[in-house]
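Source file model32.txt; content: compact mmCIF, C-alpha atoms.
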# COMPACT_ATOMS: atom_id res chain seq x y z
CA THR E 1 -15.60 -2.49 -47.56
CA GLY E 2 -12.15 -3.86 -46.88
CA VAL E 3 -11.52 -1.27 -44.12
CA SER E 4 -8.93 -2.59 -41.62
CA GLY E 5 -10.33 -3.19 -38.13
CA ALA E 6 -13.99 -3.32 -39.25
CA ALA E 7 -16.28 -5.64 -37.29
CA PRO E 8 -16.83 -9.05 -38.94
CA ALA E 9 -20.14 -9.63 -40.68
CA PRO E 10 -22.73 -11.51 -38.56
CA ARG E 11 -22.98 -15.23 -39.20
CA LEU E 12 -26.15 -17.29 -39.09
CA VAL E 13 -26.15 -19.94 -36.39
CA ALA E 14 -26.66 -23.49 -37.58
CA PRO E 15 -29.56 -25.35 -35.93
CA GLY E 16 -27.22 -27.69 -34.07
CA GLU E 17 -25.11 -24.86 -32.66
CA ALA E 18 -27.85 -23.01 -30.74
CA GLY E 19 -27.81 -25.40 -27.78
CA GLU E 20 -24.01 -25.26 -27.58
CA LEU E 21 -24.04 -21.45 -27.63
CA LEU E 22 -26.66 -21.28 -24.86
CA ALA E 23 -24.66 -23.75 -22.75
CA ALA E 24 -21.46 -21.74 -23.24
CA LEU E 25 -23.33 -18.52 -22.39
CA ARG E 26 -24.76 -20.09 -19.24
CA GLU E 27 -21.29 -21.30 -18.15
CA ALA E 28 -19.73 -17.87 -18.73
CA LEU E 29 -22.57 -16.14 -16.91
CA GLN E 30 -22.32 -18.50 -13.93
CA LEU E 31 -18.57 -17.90 -13.75
CA VAL E 32 -19.12 -14.15 -13.48
CA LEU E 33 -21.98 -14.46 -11.00
CA GLU E 34 -20.44 -17.12 -8.75
CA THR E 35 -16.73 -16.24 -8.88
CA VAL E 36 -16.15 -12.66 -10.02
CA LEU E 37 -18.88 -10.60 -8.38
CA PRO E 38 -19.22 -12.02 -4.80
CA PRO E 39 -15.75 -10.88 -3.59
CA LEU E 40 -16.52 -7.37 -4.88
CA LEU E 41 -19.81 -7.15 -2.99
CA VAL E 42 -18.73 -8.19 0.51
CA GLU E 43 -19.76 -4.78 1.83
CA GLN E 44 -23.01 -4.69 -0.19
CA PRO E 45 -25.18 -7.54 1.21
CA GLU E 46 -28.30 -6.49 -0.72
CA LEU E 47 -26.50 -6.60 -4.06
CA ALA E 48 -24.84 -9.88 -3.05
CA GLN E 49 -28.31 -11.39 -2.47
CA GLU E 50 -29.40 -10.27 -5.93
CA VAL E 51 -26.31 -11.90 -7.44
CA ALA E 52 -27.24 -15.13 -5.67
CA ALA E 53 -30.73 -14.87 -7.21
CA PHE E 54 -29.22 -14.23 -10.65
CA THR E 55 -27.02 -17.30 -10.18
CA GLY E 56 -30.06 -19.48 -9.56
CA ALA E 57 -31.85 -18.01 -12.59
CA ALA E 58 -28.78 -18.60 -14.80
CA ARG E 59 -28.69 -22.27 -13.79
CA THR E 60 -32.31 -22.82 -14.81
CA SER E 61 -32.25 -20.73 -18.01
CA SER E 62 -32.45 -22.96 -21.07
CA THR E 63 -34.13 -20.92 -23.81
CA VAL E 64 -33.40 -17.68 -25.62
CA SER E 65 -36.44 -16.14 -23.93
CA ASP E 66 -35.07 -17.07 -20.49
CA PHE E 67 -31.73 -15.45 -21.28
CA ALA E 68 -33.40 -12.36 -22.72
CA SER E 69 -35.40 -11.87 -19.51
CA LEU E 70 -32.27 -12.41 -17.42
CA SER E 71 -30.35 -9.96 -19.62
CA THR E 72 -32.93 -7.21 -18.92
CA ARG E 73 -32.62 -7.76 -15.17
CA LEU E 74 -28.81 -7.84 -15.37
CA ARG E 75 -28.76 -4.58 -17.34
CA LYS E 76 -30.62 -2.80 -14.52
CA PHE E 77 -28.39 -4.46 -11.96
CA GLY E 78 -25.30 -3.37 -13.92
CA TYR E 79 -26.44 0.25 -13.69
CA ARG E 80 -26.75 -0.01 -9.90
CA LEU E 81 -23.38 -1.75 -9.72
CA GLU E 82 -21.85 1.09 -11.73
CA LEU E 83 -23.19 3.59 -9.17
CA VAL E 84 -21.70 1.55 -6.32
CA ALA E 85 -18.34 1.38 -8.10
CA GLY E 86 -18.41 5.14 -8.61
CA ASP E 87 -19.15 5.70 -4.91
CA ARG E 88 -16.30 3.39 -3.94
CA ALA E 89 -13.88 5.22 -6.21
CA GLU E 90 -14.96 8.54 -4.73
CA ILE E 91 -14.57 7.21 -1.18
CA HIS E 92 -11.14 5.79 -2.06
CA THR E 93 -10.01 9.14 -3.44
CA GLY E 94 -11.42 11.00 -0.44
CA VAL E 95 -9.67 8.72 2.06
CA LEU E 96 -6.36 9.14 0.23
CA ASN E 97 -6.78 12.93 0.25
CA LEU E 98 -7.50 12.87 3.99
CA LEU E 99 -4.44 10.69 4.55
CA ARG E 100 -2.27 13.09 2.55
CA LEU E 101 -3.51 16.03 4.63
CA LEU E 102 -2.88 14.10 7.84
CA LEU E 103 0.65 13.22 6.73
CA GLU E 104 1.40 16.83 5.84
CA ASN E 105 0.16 17.94 9.27
CA ILE E 106 2.18 15.30 11.13
CA ASP E 107 5.23 16.13 9.02
CA GLN E 108 5.08 19.74 10.24
CA ILE E 109 4.72 18.71 13.88
CA VAL E 110 7.36 15.98 14.21
CA VAL E 111 10.32 17.48 12.35
CA ASP E 112 12.85 16.12 14.87
CA ASP E 113 11.42 12.59 15.26
CA THR E 114 13.46 10.62 12.73
CA TRP E 115 11.71 7.30 13.46
CA LEU E 116 8.28 8.82 12.80
CA GLN E 117 9.64 10.55 9.70
CA GLY E 118 10.49 7.10 8.34
CA GLN E 119 6.91 5.94 8.80
CA ILE E 120 5.58 9.11 7.17
CA ASP E 121 7.88 8.60 4.18
CA VAL E 122 6.57 5.05 3.71
CA LEU E 123 2.95 6.22 3.73
CA ARG E 124 3.65 9.24 1.54
CA GLU E 125 5.31 6.98 -1.02
CA LEU E 126 2.30 4.65 -0.87
CA VAL E 127 -0.36 7.32 -1.44
CA GLY E 128 1.70 9.15 -4.05
CA LYS E 129 1.41 6.44 -6.70
CA PRO E 130 -1.18 3.99 -8.04
CA VAL E 131 -1.72 1.46 -5.29
CA ASN E 132 -2.05 -2.29 -5.63
CA VAL E 133 -2.19 -5.11 -3.10
CA ARG E 134 1.56 -5.75 -3.20
CA HIS E 135 2.38 -2.09 -2.52
CA ILE E 136 0.19 -2.27 0.58
CA ASP E 137 1.84 -5.55 1.64
CA ASP E 138 5.27 -3.97 1.35
CA ALA E 139 4.24 -0.90 3.33
CA GLU E 140 2.71 -3.15 5.99
CA ARG E 141 5.94 -5.17 6.26
CA ARG E 142 8.04 -2.03 6.56
CA LEU E 143 5.80 -0.37 9.14
CA ARG E 144 5.21 -3.37 11.39
CA GLU E 145 8.86 -3.56 12.49
CA VAL E 146 8.96 0.14 13.30
CA ILE E 147 5.73 -0.10 15.31
CA TYR E 148 7.17 -3.08 17.22
CA LYS E 149 10.38 -1.17 17.94
CA GLN E 150 8.32 1.84 18.95
CA SER E 151 6.38 -0.21 21.50
CA GLN E 152 9.68 -1.53 22.89
CA LEU E 153 11.03 1.99 23.17
CA LYS E 154 7.87 3.21 24.87
CA HIS E 155 7.99 0.37 27.40
CA ASN E 156 11.69 0.84 28.15
CA HIS E 157 11.23 4.61 28.25
CA SER E 158 8.52 4.19 30.89
CA GLU E 159 10.73 1.80 32.84
CA ALA E 160 13.65 4.22 32.66
CA GLN E 161 11.44 7.09 33.83
CA ARG E 162 10.10 4.98 36.71
CA SER E 163 13.63 4.02 37.79
CA LEU E 164 14.75 7.62 37.54
CA LYS E 165 11.82 8.77 39.68
CA GLU E 166 12.60 6.11 42.28
CA MET E 167 16.25 7.14 42.34
CA LEU E 168 15.40 10.82 42.73
CA ALA E 169 12.74 10.10 45.35
CA GLY E 170 15.23 8.02 47.34
CA PHE E 171 17.85 10.73 47.11
CA ILE E 172 15.39 13.41 48.23
CA ASP E 173 14.40 11.22 51.18
CA HIS E 174 18.05 10.89 52.04
CA LEU E 175 18.52 14.65 51.77
CA ALA E 176 15.58 15.11 54.12
CA ASP E 177 17.17 12.71 56.58
CA PHE E 178 20.47 14.52 56.14
CA ALA E 179 18.80 17.87 56.74
CA ALA E 180 17.15 16.49 59.86
CA SER E 181 20.48 15.13 61.03
CA THR E 182 22.09 18.49 60.32
CA GLY E 183 19.42 20.27 62.35
CA ALA E 184 19.89 17.88 65.24
CA TYR E 185 23.65 18.34 64.96
CA HIS E 186 23.29 22.12 65.19
CA ASP E 187 21.01 21.74 68.20
CA ARG E 188 23.46 19.45 69.97
CA ILE E 189 26.45 21.65 69.15
CA GLY E 190 24.48 24.68 70.37
CA SER E 191 23.75 22.86 73.60
CA CYS E 192 27.47 22.03 73.99
CA ALA E 193 28.36 25.68 73.41
CA ASP E 194 25.96 26.76 76.13
CA ARG E 195 27.46 24.22 78.52
CA ILE E 196 30.99 25.44 77.72
CA SER E 197 29.92 29.03 78.40
CA ALA E 198 28.43 28.02 81.73
CA ALA E 199 31.48 25.97 82.81
CA ASN E 200 33.38 27.21 85.91
CA ASP E 201 36.65 25.33 85.30
CA ILE E 202 38.54 23.53 82.55
CA GLY E 203 37.65 20.10 83.90
CA GLU E 204 34.01 20.60 83.09
CA ILE E 205 34.86 21.45 79.48
CA GLY E 206 36.69 18.16 78.69
CA GLY E 207 33.59 16.00 78.58
CA VAL E 208 31.77 18.55 76.46
CA LEU E 209 34.65 18.64 73.94
CA LEU E 210 34.57 14.85 73.64
CA GLU E 211 30.83 15.04 72.87
CA VAL E 212 31.48 17.77 70.26
CA MET E 213 34.13 15.61 68.57
CA HIS E 214 31.78 12.59 68.54
CA GLU E 215 28.93 14.60 66.98
CA THR E 216 31.31 16.14 64.43
CA ARG E 217 32.65 12.71 63.35
CA ALA E 218 29.07 11.41 62.97
CA MET E 219 28.18 14.44 60.88
CA ARG E 220 31.29 13.95 58.72
CA ASP E 221 30.39 10.28 58.12
CA GLU E 222 26.82 11.22 57.25
CA ALA E 223 28.06 13.83 54.75
CA ALA E 224 30.39 11.26 53.15
CA ARG E 225 27.52 8.77 52.77
CA SER E 226 25.37 11.47 51.17
CA ARG E 227 28.17 12.32 48.73
CA ASP E 228 28.62 8.64 47.79
CA GLU E 229 24.89 8.15 47.27
CA LEU E 230 24.73 11.27 45.12
CA GLN E 231 27.59 9.94 42.98
CA ALA E 232 25.91 6.53 42.65
CA THR E 233 22.61 8.16 41.66
CA ARG E 234 24.41 10.25 39.07
CA GLU E 235 25.97 7.08 37.57
CA ARG E 236 22.60 5.32 37.43
CA VAL E 237 21.08 8.33 35.67
CA ARG E 238 23.92 8.26 33.14
CA ASP E 239 23.30 4.53 32.53
CA ALA E 240 19.59 5.17 31.99
CA GLU E 241 20.35 7.96 29.52
CA ALA E 242 22.82 5.74 27.64
CA LYS E 243 20.21 2.98 27.43
CA MET E 244 17.65 5.41 26.04
CA ASP E 245 20.16 6.68 23.47
CA GLU E 246 20.88 3.11 22.36
CA LEU E 247 17.17 2.34 22.03
CA GLN E 248 16.68 5.50 19.98
CA HIS E 249 19.59 4.51 17.72
CA GLN E 250 18.11 1.04 17.21
CA LEU E 251 14.73 2.55 16.38
CA ASP E 252 16.28 4.93 13.85
CA GLU E 253 18.09 2.00 12.23
CA ALA E 254 14.86 0.01 12.11
CA SER E 255 13.10 2.96 10.46
CA ARG E 256 15.82 3.13 7.83
CA LEU E 257 16.54 -0.53 7.16
CA MET E 258 13.47 -2.33 8.50
CA ARG E 259 13.43 -5.74 6.80
CA HIS E 260 16.19 -5.02 4.30
CA ASP E 261 19.76 -6.20 3.92
CA GLN E 262 22.12 -3.37 4.86
CA LEU E 263 24.57 -3.83 1.98
CA THR E 264 22.22 -4.27 -0.99
CA GLY E 265 18.97 -2.80 0.35
CA MET E 266 17.14 -6.03 -0.54
CA LEU E 267 14.79 -7.93 1.72
CA ASN E 268 16.49 -10.11 4.31
CA ARG E 269 15.39 -13.60 5.34
CA ARG E 270 12.58 -12.32 7.53
CA GLY E 271 11.26 -10.06 4.78
CA LEU E 272 11.45 -12.92 2.27
CA GLU E 273 9.43 -15.25 4.50
CA GLU E 274 6.65 -12.69 4.84
CA ALA E 275 6.62 -11.98 1.09
CA PHE E 276 6.59 -15.72 0.31
CA ASP E 277 3.66 -16.36 2.68
CA LYS E 278 1.65 -13.55 1.08
CA GLU E 279 2.41 -14.62 -2.50
CA ALA E 280 1.78 -18.31 -1.76
CA ALA E 281 -1.59 -17.49 -0.19
CA ARG E 282 -2.45 -15.34 -3.19
CA ALA E 283 -1.38 -18.07 -5.63
CA ARG E 284 -3.44 -20.66 -3.74
CA ARG E 285 -6.48 -18.37 -3.71
CA HIS E 286 -6.31 -17.51 -7.42
CA HIS E 287 -4.94 -20.85 -8.63
CA SER E 288 -2.06 -18.97 -10.23
CA PRO E 289 1.57 -20.06 -10.68
CA LEU E 290 4.42 -18.86 -8.47
CA SER E 291 8.08 -19.50 -9.19
CA LEU E 292 11.17 -19.11 -7.03
CA ALA E 293 14.78 -18.81 -8.20
CA LEU E 294 18.05 -18.98 -6.28
CA LEU E 295 21.02 -17.12 -7.81
CA ASP E 296 24.65 -17.60 -6.82
CA LEU E 297 27.41 -15.28 -8.05
CA ASP E 298 30.05 -17.27 -9.94
CA ASN E 299 33.70 -17.22 -8.81
CA PHE E 300 32.95 -14.87 -5.91
CA LYS E 301 35.83 -16.18 -3.74
CA GLN E 302 38.26 -15.63 -6.59
CA LEU E 303 36.97 -12.06 -6.98
CA ASN E 304 37.49 -11.40 -3.26
CA ASP E 305 40.97 -12.93 -3.30
CA SER E 306 42.02 -10.92 -6.34
CA PHE E 307 40.58 -7.50 -5.48
CA GLY E 308 39.60 -7.59 -1.81
CA HIS E 309 36.36 -7.89 0.13
CA ARG E 310 35.33 -4.32 -0.54
CA THR E 311 35.35 -5.05 -4.28
CA GLY E 312 33.33 -8.19 -3.57
CA ASP E 313 30.71 -6.10 -1.78
CA GLU E 314 30.63 -3.64 -4.70
CA ALA E 315 30.11 -6.56 -7.10
CA LEU E 316 27.11 -7.73 -5.05
CA VAL E 317 25.64 -4.23 -5.14
CA HIS E 318 26.21 -4.12 -8.92
CA LEU E 319 24.40 -7.44 -9.38
CA ALA E 320 21.55 -6.29 -7.13
CA THR E 321 21.17 -3.12 -9.22
CA ILE E 322 20.98 -5.05 -12.51
CA ILE E 323 18.48 -7.51 -11.02
CA ARG E 324 16.22 -4.71 -9.79
CA GLN E 325 16.19 -3.08 -13.22
CA SER E 326 14.97 -6.33 -14.78
CA LEU E 327 12.18 -7.09 -12.32
CA ARG E 328 8.51 -6.33 -12.63
CA PRO E 329 6.79 -4.35 -9.85
CA GLN E 330 5.20 -7.52 -8.44
CA ASP E 331 8.48 -9.50 -8.29
CA THR E 332 10.44 -9.78 -5.04
CA ILE E 333 14.19 -10.02 -4.48
CA SER E 334 16.02 -10.87 -1.26
CA ARG E 335 19.57 -11.62 -0.21
CA HIS E 336 19.88 -15.22 0.95
CA GLY E 337 23.30 -14.80 2.51
CA GLY E 338 26.79 -14.31 1.14
CA GLU E 339 26.61 -14.14 -2.63
CA GLU E 340 23.21 -15.81 -3.01
CA PHE E 341 19.93 -14.10 -3.91
CA ILE E 342 16.34 -15.33 -4.12
CA LEU E 343 13.77 -14.10 -6.60
CA LEU E 344 10.01 -14.58 -6.31
CA TYR E 345 8.07 -14.47 -9.58
CA PRO E 346 4.26 -14.29 -8.97
CA ASP E 347 1.89 -15.31 -11.78
CA THR E 348 4.86 -16.91 -13.54
CA THR E 349 5.27 -20.49 -14.72
CA LEU E 350 8.52 -22.42 -14.44
CA GLU E 351 9.30 -21.89 -18.15
CA GLN E 352 8.59 -18.16 -17.95
CA ALA E 353 10.79 -17.74 -14.88
CA GLN E 354 13.62 -19.65 -16.53
CA ALA E 355 13.38 -17.40 -19.61
CA ALA E 356 13.41 -14.30 -17.37
CA LEU E 357 16.61 -15.50 -15.69
CA VAL E 358 18.28 -16.11 -19.04
CA ARG E 359 17.38 -12.55 -20.07
CA LEU E 360 18.86 -11.33 -16.80
CA GLN E 361 22.12 -13.17 -17.56
CA ARG E 362 22.32 -11.48 -20.95
CA GLU E 363 21.66 -8.09 -19.39
CA LEU E 364 24.45 -8.69 -16.89
CA THR E 365 26.95 -9.44 -19.67
CA ARG E 366 26.07 -6.11 -21.29
CA ASN E 367 26.77 -4.21 -18.06
CA PHE E 368 30.39 -4.78 -17.06
CA PHE E 369 31.45 -4.35 -13.45
CA LEU E 370 34.24 -1.75 -13.16
CA THR E 371 36.91 -2.13 -10.49
CA HIS E 372 40.50 -0.89 -10.32
CA ASP E 373 40.09 0.59 -13.81
CA ARG E 374 39.24 -2.84 -15.19
CA LYS E 375 36.10 -4.32 -16.68
CA VAL E 376 35.16 -7.55 -14.91
CA LEU E 377 32.49 -9.85 -16.31
CA ILE E 378 30.15 -11.01 -13.54
CA THR E 379 27.99 -14.08 -14.07
CA PHE E 380 25.68 -16.16 -11.92
CA SER E 381 24.33 -19.68 -11.81
CA ALA E 382 20.67 -20.12 -10.99
CA GLY E 383 18.20 -22.80 -10.06
CA VAL E 384 14.48 -22.22 -10.46
CA THR E 385 11.42 -24.17 -9.37
CA GLU E 386 7.68 -23.69 -9.24
CA TRP E 387 5.75 -23.52 -5.97
CA LYS E 388 3.22 -26.22 -5.19
CA PRO E 389 0.37 -25.92 -2.64
CA ASP E 390 2.01 -28.08 0.05
CA ASP E 391 5.35 -26.24 -0.16
CA THR E 392 6.96 -24.23 2.61
CA VAL E 393 9.49 -21.50 1.91
CA ASP E 394 12.29 -23.90 2.95
CA SER E 395 11.16 -26.79 0.75
CA THR E 396 10.83 -24.48 -2.25
CA ILE E 397 14.27 -22.95 -1.66
CA GLN E 398 15.78 -26.43 -1.26
CA ARG E 399 14.59 -27.50 -4.72
CA ALA E 400 15.90 -24.27 -6.25
CA ASP E 401 19.21 -24.79 -4.44
CA GLU E 402 19.54 -28.33 -5.85
CA ALA E 403 18.94 -26.98 -9.36
CA MET E 404 21.47 -24.19 -8.80
CA TYR E 405 24.09 -26.76 -7.74
CA ARG E 406 23.49 -28.64 -11.01
CA ALA E 407 23.97 -25.35 -12.88
CA LYS E 408 27.35 -24.94 -11.18
CA GLN E 409 28.33 -28.48 -12.12
CA ALA E 410 27.29 -27.83 -15.72
CA GLY E 411 29.94 -25.12 -16.10
CA LYS E 412 28.42 -22.08 -14.31
CA ASN E 413 26.57 -19.15 -15.90
CA LYS E 414 23.64 -21.55 -16.42
CA VAL E 415 19.97 -21.64 -15.46
CA VAL E 416 18.62 -25.05 -14.47
CA ALA E 417 14.95 -25.73 -13.75
CA HIS E 418 13.73 -28.17 -11.11
CA PRO E 419 10.29 -29.32 -12.25
CA VAL E 420 7.70 -30.24 -9.65
CA VAL E 421 6.61 -33.88 -9.86

Just give me the structure of the file as structure tokens.
Amino acid sequence: TGVSGAAPAPRLVAPGEAGELLAALREALQLVLETVLPPLLVEQPELAQEVAAFTGAARTSSTVSDFASLSTRLRKFGYRLELVAGDRAEIHTGVLNLLRLLLENIDQIVVDDTWLQGQIDVLRELVGKPVNVRHIDDAERRLREVIYKQSQLKHNHSEAQRSLKEMLAGFIDHLADFAASTGAYHDRIGSCADRISAANDIGEIGGVLLEVMHETRAMRDEAARSRDELQATRERVRDAEAKMDELQHQLDEASRLMRHDQLTGMLNRRGLEEAFDKEAARARRHHSPLSLALLDLDNFKQLNDSFGHRTGDEALVHLATIIRQSLRPQDTISRHGGEEFILLYPDTTLEQAQAALVRLQRELTRNFFLTHDRKVLITFSAGVTEWKPDDTVDSTIQRADEAMYRAKQAGKNKVVAHPVV
């Protein structure tokens, strides 16, 4: 008919092609049954057993009749699998709705707890958008530090409370002793007064007066010790309160910054290591490529010397902003220190990562950095390499760093690849 997009007309299979088609069909079917379905059925052991049976049947199928019989069984199995998938989707939606309700309830209760507000914001952001594995990894990284800090605060809070209780208990004991001493003092002074009243001449009073003076000095010394101990207790309480305030401040900072560089908001070294470990494990599991790039801002010292360190910081923030705009959701960026940045490109070959960096350089030239009413062109040199299974984060960064150094030697504003041998 000549209609665009129409299905092609069926073609008769040549006698010699039938065996090849059946072999290709068997290989494709085994790939689905052995590789694709088992990870999806970890929580469905009965269906997993059926898949294992289908795998055995696919291996022994050699005729069209065998495949037709297997196709009928797979069609019924596919219907059951569709029901399971629907149930999972419904459960997933229900759990997210419950989590949203829980977050709303907690949000109303803990208005003044800034550290818990940070955790709630992370989870609310997670459940408010389509979730993938990397979103969950990022939320896990951001929450783990807060939970660790929270446990520290709880421990130190308990210690501070225990010390405060001991201090107060000791002071109360001392007050009790002081009260007892005061009572005894009054009794002794009362006794002296009675003896003075009963005295017949002044000579008898002298000894009593000496005793009164001795008891009064002892009482004065006891009162002075009580005052000093009260002052010392007050200082220790102030120290405990200051320690708690400092811990609270640290926890608030951890809730806000977590694993991110304070200037640019990017991941720091610790955050990069965790992201690298996750992406490397994922690349190893799926046999997928993973590339790493190291960027270094060109002429950064000259920029600082000409305009000051504050302008240098603003230039780093400008570069970080442009980089973020160019990245895919699955890519990771971190600050390596000074004017260096590291990019992780999952599911990306060396050639693809190099092309992405070149595009980033072009984007940077289109977005001038403004400082002191002047347009300043910022460029970077980059080295990029591809991860290999025996790599660590340090060995991968080292290769990228060597390539970046060659880019600097080549005249800057270059991207040099370091192929893996």

In Å, with one decimal, what is the gap from atom CA of Arg310 of chain E to atom CA of Ser381 of chain E?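 A separation of 22.0 Å between them.
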
Exercise: Gly338 of chain E partners within 12 Å, all atoms listed in the file, chain neighbours under 4 positions left out, as an mmCIF file with C-alpha atoms, in the coordinates of the input:
data_model
loop_
_atom_site.group_PDB
_atom_site.id
_atom_site.type_symbol
_atom_site.label_atom_id
_atom_site.label_comp_id
_atom_site.auth_asym_id
_atom_site.auth_seq_id
_atom_site.Cartn_x
_atom_site.Cartn_y
_atom_site.Cartn_z
ATOM 1 C CA ASP E 261 19.760 -6.200 3.920
ATOM 2 C CA LEU E 263 24.570 -3.830 1.980
ATOM 3 C CA THR E 264 22.220 -4.270 -0.990
ATOM 4 C CA ASN E 268 16.490 -10.110 4.310
ATOM 5 C CA LEU E 295 21.020 -17.120 -7.810
ATOM 6 C CA ASP E 296 24.650 -17.600 -6.820
ATOM 7 C CA LEU E 297 27.410 -15.280 -8.050
ATOM 8 C CA ASP E 298 30.050 -17.270 -9.940
ATOM 9 C CA PHE E 300 32.950 -14.870 -5.910
ATOM 10 C CA LYS E 301 35.830 -16.180 -3.740
ATOM 11 C CA ASN E 304 37.490 -11.400 -3.260
ATOM 12 C CA HIS E 309 36.360 -7.890 0.130
ATOM 13 C CA GLY E 312 33.330 -8.190 -3.570
ATOM 14 C CA ASP E 313 30.710 -6.100 -1.780
ATOM 15 C CA ALA E 315 30.110 -6.560 -7.100
ATOM 16 C CA LEU E 316 27.110 -7.730 -5.050
ATOM 17 C CA VAL E 317 25.640 -4.230 -5.140
ATOM 18 C CA SER E 334 16.020 -10.870 -1.260
ATOM 19 C CA ILE E 342 16.340 -15.330 -4.120
#

Just checking: using all atoms listed in the file, which residue out of E:Gly86, E:Pro45, E:Pro38, E:Gly56 ends up closest to Arg26 of chain E? E:Gly56

Find the distance between atom CA of Leu272 of chain E and atom CA of Leu294 of chain E and write it in Å to one decimal.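 Interatomic distance here is 12.4 Å.
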
Have a look at E:Lys414, E:Arg374, E:Arg59, E:Arg75 and name the one nearest to Leu357 of chain E; count only C-alpha atoms.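 Of the candidates, the smallest distance to Leu357 of chain E is held by E:Lys414.
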
Would you work out the distance separating atom CA of Leu21 of chain E from atom CA of Lys76 of chain E, expressed in Å to one decimal?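 Pair atom CA of Leu21 of chain E / atom CA of Lys76 of chain E returns 23.7 Å.
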
With distances taken over all atoms listed in the file, which of E:Ala400, E:Asp239, E:Arg270, E:Thr348 is nearest to Ser288 of chain E?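 Under the stated criterion, the closest residue is E:Thr348.
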
If we count only C-alpha atoms, what is near Ser61 of chain E at a cut-off of 12 Å, once residues fewer than 2 positions away on the same chain are taken out, given as a PyMOL selection string? chain E and resi 19+22-23+25-27+29-30+54-59+63-71

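Take the candidates E:Val32, E:Leu364, E:Ala242, E:Ala280 and check each one against Val376 of chain E using only C-alpha atoms; the shortest distance goes to E:Leu364.
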